[in-house]
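Coordinates as given in coords26.cif (mmCIF, C-alpha atoms):
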data_coords
#
loop_
_atom_site.label_atom_id
_atom_site.label_comp_id
_atom_site.auth_asym_id
_atom_site.auth_seq_id
_atom_site.Cartn_x
_atom_site.Cartn_y
_atom_site.Cartn_z
CA MET A 1 0.00 0.00 0.00
CA GLN A 2 2.77 2.43 0.92
CA ILE A 3 4.55 1.78 -2.36
CA LEU A 4 1.36 2.64 -4.28
CA ILE A 5 1.05 5.85 -2.27
CA LEU A 6 4.68 6.76 -2.96
CA ILE A 7 4.15 6.12 -6.68
CA CYS A 8 1.05 8.33 -6.63
CA LEU A 9 2.95 11.09 -4.78
CA ALA A 10 5.85 10.83 -7.24
CA PHE A 11 3.42 11.09 -10.16
CA ILE A 12 1.79 14.19 -8.64
CA CYS A 13 5.23 15.74 -8.05
CA TYR A 14 6.41 14.93 -11.58
CA GLN A 15 3.30 16.36 -13.24
CA ASP A 16 3.24 19.53 -11.15
CA MET A 17 6.95 20.23 -11.54
CA LEU A 18 6.88 19.65 -15.29
CA TYR A 19 3.47 21.01 -16.33
CA ARG A 20 2.36 23.06 -13.29
CA ALA A 21 -0.84 21.01 -13.43
CA VAL A 22 -1.92 17.60 -12.15
CA TYR A 23 -4.70 15.33 -13.38
CA TRP A 24 -7.60 15.78 -10.95
CA TRP A 25 -8.19 12.03 -10.61
CA CYS A 26 -4.81 11.60 -8.89
CA PHE A 27 -6.16 13.21 -5.72
CA PRO A 28 -9.17 10.94 -5.10
CA ILE A 29 -6.91 7.94 -5.74
CA LEU A 30 -4.39 9.34 -3.25
CA ALA A 31 -7.14 10.01 -0.70
CA ILE A 32 -8.51 6.47 -1.06
CA LEU A 33 -5.05 4.90 -0.68
CA LEU A 34 -4.25 7.08 2.34
CA THR A 35 -7.63 6.28 3.92
CA ILE A 36 -7.11 2.54 3.49
CA LEU A 37 -3.64 2.76 5.03
CA LYS A 38 -4.87 4.84 7.98
CA TYR A 39 -7.87 2.54 8.48
CA ASN A 40 -5.52 -0.45 8.66
CA TYR A 41 -3.59 1.27 11.46
CA THR A 42 -6.36 2.96 13.48
CA GLY A 43 -9.83 1.79 12.42
CA THR A 44 -12.88 3.64 11.20
CA GLU A 45 -13.59 5.99 14.11
CA GLN A 46 -10.07 7.42 14.34
CA THR A 47 -9.75 7.72 10.55
CA VAL A 48 -12.98 9.67 10.22
CA THR A 49 -12.34 11.83 13.31
CA ASP A 50 -8.82 12.80 12.25
CA ALA A 51 -9.94 13.52 8.69
CA ALA A 52 -12.73 15.74 10.01
CA TYR A 53 -10.31 17.75 12.16
CA GLY A 54 -7.87 18.13 9.26
CA LEU A 55 -10.61 19.20 6.86
CA LEU A 56 -11.96 21.67 9.43
CA PHE A 57 -8.49 23.19 9.78
CA LEU A 58 -8.10 23.40 6.00
CA THR A 59 -11.54 24.95 5.58
CA SER A 60 -10.72 27.62 8.14
CA GLN A 61 -7.40 28.33 6.38
CA LEU A 62 -9.10 28.67 3.00
CA PHE A 63 -11.78 30.90 4.53
CA ILE A 64 -9.11 33.18 6.04
CA LEU A 65 -7.30 33.30 2.68
CA TRP A 66 -10.56 34.16 0.93
CA ILE A 67 -11.26 36.98 3.39
CA TYR A 68 -7.70 38.30 3.03
CA PHE A 69 -7.68 38.36 -0.77
CA SER A 70 -11.24 39.71 -0.95
CA ALA A 71 -10.27 42.55 1.41
CA LYS A 72 -7.04 43.18 -0.48
CA HIS A 73 -8.87 43.44 -3.83
CA LYS A 74 -11.91 45.16 -2.26
CA LYS A 75 -14.30 42.69 -3.86
CA LEU A 76 -15.29 39.05 -3.41
CA ILE A 77 -12.88 36.83 -5.27
CA ASN A 78 -12.40 33.17 -6.01
CA ILE A 79 -8.97 32.28 -4.62
CA THR A 80 -8.64 29.38 -7.06
CA ASP A 81 -8.76 31.78 -10.01
CA ASN A 82 -5.38 33.44 -9.55
CA HIS A 83 -3.98 32.67 -6.11
CA LEU A 84 -4.25 28.96 -5.41
CA GLY A 85 -4.59 26.08 -7.86
CA TRP A 86 -7.28 23.44 -7.61
CA GLY A 87 -4.59 20.77 -7.48
CA ASP A 88 -3.14 22.42 -4.39
CA VAL A 89 -6.54 22.44 -2.70
CA LEU A 90 -7.30 18.85 -3.69
CA PHE A 91 -3.93 17.67 -2.38
CA LEU A 92 -4.56 19.40 0.95
CA ILE A 93 -8.00 17.75 1.06
CA ALA A 94 -6.51 14.28 0.43
CA ILE A 95 -3.80 14.17 3.08
CA PRO A 96 -5.83 14.54 6.31
CA PHE A 97 -7.24 11.11 5.52
CA TYR A 98 -3.88 9.74 6.66
CA LEU A 99 -2.20 12.33 8.87
CA SER A 100 -3.28 12.88 12.45
CA PRO A 101 -4.53 16.41 13.24
CA VAL A 102 -1.26 17.62 14.82
CA ASN A 103 0.82 16.00 12.09
CA TYR A 104 -1.44 17.57 9.45
CA VAL A 105 -0.97 21.07 10.88
CA LEU A 106 2.78 20.52 11.27
CA PHE A 107 3.09 19.18 7.73
CA TYR A 108 0.96 22.04 6.38
CA VAL A 109 3.05 24.75 8.07
CA VAL A 110 6.49 23.22 7.50
CA SER A 111 5.76 22.31 3.88
CA LEU A 112 4.48 25.84 3.15
CA ILE A 113 7.66 27.31 4.62
CA LEU A 114 9.86 24.94 2.60
CA VAL A 115 7.91 25.62 -0.60
CA LEU A 116 8.21 29.37 0.04
CA LEU A 117 11.98 28.97 0.43
CA TYR A 118 12.05 26.97 -2.82
CA ALA A 119 10.02 29.65 -4.60
CA LEU A 120 12.22 32.47 -3.34
CA THR A 121 15.37 30.58 -4.32
CA THR A 122 14.19 29.61 -7.80
CA ALA A 123 12.61 33.00 -8.52
CA LYS A 124 16.10 34.37 -9.11
CA LEU A 125 17.02 31.45 -11.37
CA ILE A 126 13.78 30.77 -13.25
CA THR A 127 11.80 33.81 -14.35
CA ASN A 128 9.60 32.36 -17.10
CA ASN A 129 6.98 30.69 -14.86
CA LYS A 130 5.38 32.51 -11.96
CA HIS A 131 3.35 29.48 -10.80
CA ILE A 132 4.62 27.60 -7.79
CA PRO A 133 4.20 23.78 -7.93
CA LEU A 134 2.76 23.66 -4.39
CA ALA A 135 0.99 20.29 -4.67
CA GLY A 136 3.99 18.71 -6.37
CA LEU A 137 6.49 19.93 -3.81
CA GLN A 138 4.19 19.00 -0.94
CA ALA A 139 3.74 15.55 -2.50
CA ALA A 140 7.53 15.13 -2.59
CA LEU A 141 7.79 16.27 1.02
CA LEU A 142 5.01 13.91 2.11
CA GLY A 143 6.73 11.04 0.30
CA ILE A 144 10.01 11.81 2.08
CA THR A 145 8.15 12.14 5.38
CA MET A 146 6.41 8.79 4.85
CA ILE A 147 9.74 7.11 4.12
CA ILE A 148 11.22 8.60 7.30
CA ASP A 149 8.10 7.44 9.18
CA TYR A 150 8.56 3.92 7.80
CA VAL A 151 12.17 3.62 8.96
CA THR A 152 11.63 5.39 12.30
CA PRO A 153 9.35 3.24 14.48
CA SER A 154 8.85 5.91 17.17
CA LEU A 155 7.37 8.33 14.64
CA SER A 156 3.87 7.69 13.34
CA LEU A 157 2.18 10.11 11.00
CA TYR A 158 -1.25 8.60 11.57
CA ASP A 159 -1.43 9.38 15.30
CA ASP A 160 -0.12 11.99 17.72
CA GLY A 161 1.54 9.52 20.09
CA TRP A 162 5.02 10.92 19.37
CA LEU A 163 3.86 14.25 20.82
CA TYR A 164 3.02 12.65 24.15
CA PHE A 165 6.40 10.91 24.09
CA LEU A 166 8.12 14.31 23.72
CA ILE A 167 6.10 15.89 26.54
CA ASN A 168 6.88 13.13 29.06
#
Please express what this file holds, its structure, as structure tokens.
Amino acid sequence: MQILILICLAFICYQDMLYRAVYWWCFPILAILLTILKYNYTGTEQTVTDAAYGLLFLTSQLFILWIYFSAKHKKLINITDNHLGWGDVLFLIAIPFYLSPVNYVLFYVVSLILVLLYALTTAKLITNNKHIPLAGLQAALLGITMIIDYVTPSLSLYDDGWLYFLIN
């Protein structure tokens, strides 16, 4: 299952880096694979609960972005028209079906910072494309994170147990 997920993430990364677009059907496939993997680890109740928390967090983030850009442009706007791609949104919708709520927020924040650093670095080198491959870079980062999770038994992306280990 994890190999299929890594292949899917690599495909998303490849498409987004090369074409700055990803086939929409990749994201439901990714969400289904991630859900099956999480279900195998935690069961139905935890899978649904964690996904709900992650989606609630994402919805609030998108709402805040919508308010910000609408205020900035002094009119109601659709943030997926010029500011955020649908692939980016669909990727962020797919991953809470595997990540625990704390891991989702951590991944979201850290990956946005790393993608911003990538964009700032490559902006000086590549000037012909203003679009940032957010979903592709986040897919690569999630793939790397899942590999690290696989080889590090104390880390588990599907629950927040590592956090309690750090506190105690």
Could you pull the residues within 12 Å of Asn82 of chain A, counting only C-alpha atoms, minus those fewer than 2 positions along the same chain, as a PyMOL selection string? chain A and resi 66+69+77-80+84-86+130-132
Result set, the PyMOL selection byres ((chain A and resi 136) around 8) on current file, as a list in words: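 With the shown file as input, the PyMOL selection byres ((chain A and resi 136) around 8) matches Leu9, Ile12, Cys13, Tyr14, Gln15, Asp16, Met17, Pro133, Leu134, Ala135, Leu137, Gln138, Ala139 and Ala140 of chain A.
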For this session: For the structure shown, which residues end up in the PyMOL selection byres ((chain A and resi 98-114) around 6)? Put them as a list in words, please?
Result: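 For this structure, the PyMOL selection byres ((chain A and resi 98-114) around 6) resolves to Leu34, Thr35, Lys38, Asp50, Gly54, Ile95, Pro96, Phe97, Val115, Leu116, Leu117, Leu157, Tyr158 and Asp159 of chain A.
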inquiry  = Using the chain letters and numbers from this file, what does the PyMOL selection byres ((chain A and resi 2) around 10) select? Give the answer as a list in words.
reply    = Met1, Ile3, Leu4, Ile5, Leu6, Ile7, Cys8, Leu33, Leu34, Leu37, Gly143, Met146, Ile147 and Tyr150 of chain A
**Item:** Atom-to-atom span, atom CA of Leu30 of chain A and atom CA of Ala94 of chain A, Å
**Value:**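 Going from atom CA of Leu30 of chain A over to atom CA of Ala94 of chain A covers 6.5 Å.
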Using all atoms listed in the file, pick whichever of A:Asp81, A:Ile36, A:Asp160, A:Ile93 has the shortest atom-to-atom distance to Leu56 of chain A.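 Ranking A:Asp81, A:Ile36, A:Asp160, A:Ile93 by distance to Leu56 of chain A, first place goes to A:Ile93.
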Check your understanding: Using all atoms listed in the file, which of A:Ala71, A:Val89, A:Leu58, A:Val151 sits nearest Trp24 of chain A?
Key ->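 For Trp24 of chain A, the nearest of the candidates is A:Val89.
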Repair of segment 101-112 of chain A at the level of all heavy atoms, as a PDB file, in the frame of the given file:
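Dumped everything to out-v3.pdb:
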ATOM      1  N   PRO A 101      -4.329  14.954  13.258  1.00  0.00           N
ATOM      2  CA  PRO A 101      -4.530  16.410  13.240  1.00  0.00           C
ATOM      3  C   PRO A 101      -3.259  17.229  13.508  1.00  0.00           C
ATOM      4  O   PRO A 101      -2.968  18.179  12.775  1.00  0.00           O
ATOM      5  CB  PRO A 101      -5.572  16.635  14.339  1.00  0.00           C
ATOM      6  CG  PRO A 101      -6.338  15.355  14.384  1.00  0.00           C
ATOM      7  CD  PRO A 101      -5.324  14.289  14.103  1.00  0.00           C
ATOM      8  N   VAL A 102      -2.483  16.856  14.523  1.00  0.00           N
ATOM      9  CA  VAL A 102      -1.260  17.620  14.820  1.00  0.00           C
ATOM     10  C   VAL A 102      -0.248  17.448  13.691  1.00  0.00           C
ATOM     11  O   VAL A 102       0.376  18.422  13.255  1.00  0.00           O
ATOM     12  CB  VAL A 102      -0.659  17.182  16.180  1.00  0.00           C
ATOM     13  CG1 VAL A 102       0.704  17.808  16.399  1.00  0.00           C
ATOM     14  CG2 VAL A 102      -1.605  17.545  17.315  1.00  0.00           C
ATOM     15  N   ASN A 103      -0.106  16.235  13.200  1.00  0.00           N
ATOM     16  CA  ASN A 103       0.820  16.000  12.090  1.00  0.00           C
ATOM     17  C   ASN A 103       0.379  16.737  10.828  1.00  0.00           C
ATOM     18  O   ASN A 103       1.211  17.207  10.061  1.00  0.00           O
ATOM     19  CB  ASN A 103       0.969  14.501  11.816  1.00  0.00           C
ATOM     20  CG  ASN A 103       1.820  13.829  12.861  1.00  0.00           C
ATOM     21  OD1 ASN A 103       2.767  14.401  13.376  1.00  0.00           O
ATOM     22  ND2 ASN A 103       1.485  12.599  13.188  1.00  0.00           N
ATOM     23  N   TYR A 104      -0.931  16.842  10.611  1.00  0.00           N
ATOM     24  CA  TYR A 104      -1.440  17.570   9.450  1.00  0.00           C
ATOM     25  C   TYR A 104      -1.062  19.051   9.548  1.00  0.00           C
ATOM     26  O   TYR A 104      -0.564  19.634   8.587  1.00  0.00           O
ATOM     27  CB  TYR A 104      -2.955  17.406   9.326  1.00  0.00           C
ATOM     28  CG  TYR A 104      -3.532  18.140   8.137  1.00  0.00           C
ATOM     29  CD1 TYR A 104      -3.323  17.669   6.854  1.00  0.00           C
ATOM     30  CD2 TYR A 104      -4.279  19.304   8.299  1.00  0.00           C
ATOM     31  CE1 TYR A 104      -3.842  18.333   5.756  1.00  0.00           C
ATOM     32  CE2 TYR A 104      -4.792  19.969   7.213  1.00  0.00           C
ATOM     33  CZ  TYR A 104      -4.584  19.482   5.942  1.00  0.00           C
ATOM     34  OH  TYR A 104      -5.088  20.147   4.852  1.00  0.00           O
ATOM     35  N   VAL A 105      -1.301  19.648  10.697  1.00  0.00           N
ATOM     36  CA  VAL A 105      -0.970  21.070  10.880  1.00  0.00           C
ATOM     37  C   VAL A 105       0.534  21.286  10.753  1.00  0.00           C
ATOM     38  O   VAL A 105       0.982  22.224  10.084  1.00  0.00           O
ATOM     39  CB  VAL A 105      -1.512  21.604  12.226  1.00  0.00           C
ATOM     40  CG1 VAL A 105      -1.011  23.009  12.505  1.00  0.00           C
ATOM     41  CG2 VAL A 105      -3.044  21.563  12.240  1.00  0.00           C
ATOM     42  N   LEU A 106       1.326  20.412  11.368  1.00  0.00           N
ATOM     43  CA  LEU A 106       2.780  20.520  11.270  1.00  0.00           C
ATOM     44  C   LEU A 106       3.248  20.361   9.818  1.00  0.00           C
ATOM     45  O   LEU A 106       4.079  21.138   9.338  1.00  0.00           O
ATOM     46  CB  LEU A 106       3.468  19.475  12.142  1.00  0.00           C
ATOM     47  CG  LEU A 106       3.529  19.787  13.626  1.00  0.00           C
ATOM     48  CD1 LEU A 106       4.079  18.594  14.397  1.00  0.00           C
ATOM     49  CD2 LEU A 106       4.376  21.018  13.890  1.00  0.00           C
ATOM     50  N   PHE A 107       2.714  19.368   9.130  1.00  0.00           N
ATOM     51  CA  PHE A 107       3.090  19.180   7.730  1.00  0.00           C
ATOM     52  C   PHE A 107       2.682  20.381   6.902  1.00  0.00           C
ATOM     53  O   PHE A 107       3.458  20.855   6.058  1.00  0.00           O
ATOM     54  CB  PHE A 107       2.454  17.899   7.163  1.00  0.00           C
ATOM     55  CG  PHE A 107       2.777  17.702   5.708  1.00  0.00           C
ATOM     56  CD1 PHE A 107       3.997  17.166   5.334  1.00  0.00           C
ATOM     57  CD2 PHE A 107       1.883  18.080   4.726  1.00  0.00           C
ATOM     58  CE1 PHE A 107       4.311  17.003   3.995  1.00  0.00           C
ATOM     59  CE2 PHE A 107       2.189  17.927   3.390  1.00  0.00           C
ATOM     60  CZ  PHE A 107       3.405  17.380   3.018  1.00  0.00           C
ATOM     61  N   TYR A 108       1.490  20.876   7.112  1.00  0.00           N
ATOM     62  CA  TYR A 108       0.960  22.040   6.380  1.00  0.00           C
ATOM     63  C   TYR A 108       1.891  23.240   6.555  1.00  0.00           C
ATOM     64  O   TYR A 108       2.330  23.846   5.576  1.00  0.00           O
ATOM     65  CB  TYR A 108      -0.451  22.330   6.903  1.00  0.00           C
ATOM     66  CG  TYR A 108      -1.136  23.526   6.296  1.00  0.00           C
ATOM     67  CD1 TYR A 108      -1.802  23.421   5.085  1.00  0.00           C
ATOM     68  CD2 TYR A 108      -1.156  24.754   6.956  1.00  0.00           C
ATOM     69  CE1 TYR A 108      -2.457  24.508   4.538  1.00  0.00           C
ATOM     70  CE2 TYR A 108      -1.796  25.840   6.413  1.00  0.00           C
ATOM     71  CZ  TYR A 108      -2.454  25.719   5.207  1.00  0.00           C
ATOM     72  OH  TYR A 108      -3.103  26.801   4.668  1.00  0.00           O
ATOM     73  N   VAL A 109       2.219  23.570   7.784  1.00  0.00           N
ATOM     74  CA  VAL A 109       3.050  24.750   8.070  1.00  0.00           C
ATOM     75  C   VAL A 109       4.475  24.566   7.562  1.00  0.00           C
ATOM     76  O   VAL A 109       5.010  25.430   6.844  1.00  0.00           O
ATOM     77  CB  VAL A 109       3.034  25.074   9.585  1.00  0.00           C
ATOM     78  CG1 VAL A 109       4.041  26.143   9.930  1.00  0.00           C
ATOM     79  CG2 VAL A 109       1.637  25.482  10.027  1.00  0.00           C
ATOM     80  N   VAL A 110       5.096  23.444   7.905  1.00  0.00           N
ATOM     81  CA  VAL A 110       6.490  23.220   7.500  1.00  0.00           C
ATOM     82  C   VAL A 110       6.604  23.127   5.983  1.00  0.00           C
ATOM     83  O   VAL A 110       7.527  23.699   5.385  1.00  0.00           O
ATOM     84  CB  VAL A 110       7.061  21.958   8.193  1.00  0.00           C
ATOM     85  CG1 VAL A 110       8.411  21.568   7.620  1.00  0.00           C
ATOM     86  CG2 VAL A 110       7.162  22.177   9.689  1.00  0.00           C
ATOM     87  N   SER A 111       5.674  22.442   5.339  1.00  0.00           N
ATOM     88  CA  SER A 111       5.760  22.310   3.880  1.00  0.00           C
ATOM     89  C   SER A 111       5.544  23.662   3.197  1.00  0.00           C
ATOM     90  O   SER A 111       6.199  23.954   2.194  1.00  0.00           O
ATOM     91  CB  SER A 111       4.762  21.274   3.357  1.00  0.00           C
ATOM     92  OG  SER A 111       3.427  21.698   3.522  1.00  0.00           O
ATOM     93  N   LEU A 112       4.662  24.501   3.731  1.00  0.00           N
ATOM     94  CA  LEU A 112       4.480  25.840   3.150  1.00  0.00           C
ATOM     95  C   LEU A 112       5.741  26.679   3.290  1.00  0.00           C
ATOM     96  O   LEU A 112       6.124  27.407   2.364  1.00  0.00           O
ATOM     97  CB  LEU A 112       3.278  26.554   3.774  1.00  0.00           C
ATOM     98  CG  LEU A 112       1.904  26.045   3.366  1.00  0.00           C
ATOM     99  CD1 LEU A 112       0.817  26.852   4.087  1.00  0.00           C
ATOM    100  CD2 LEU A 112       1.697  26.120   1.860  1.00  0.00           C
TER     101      LEU A 112
END
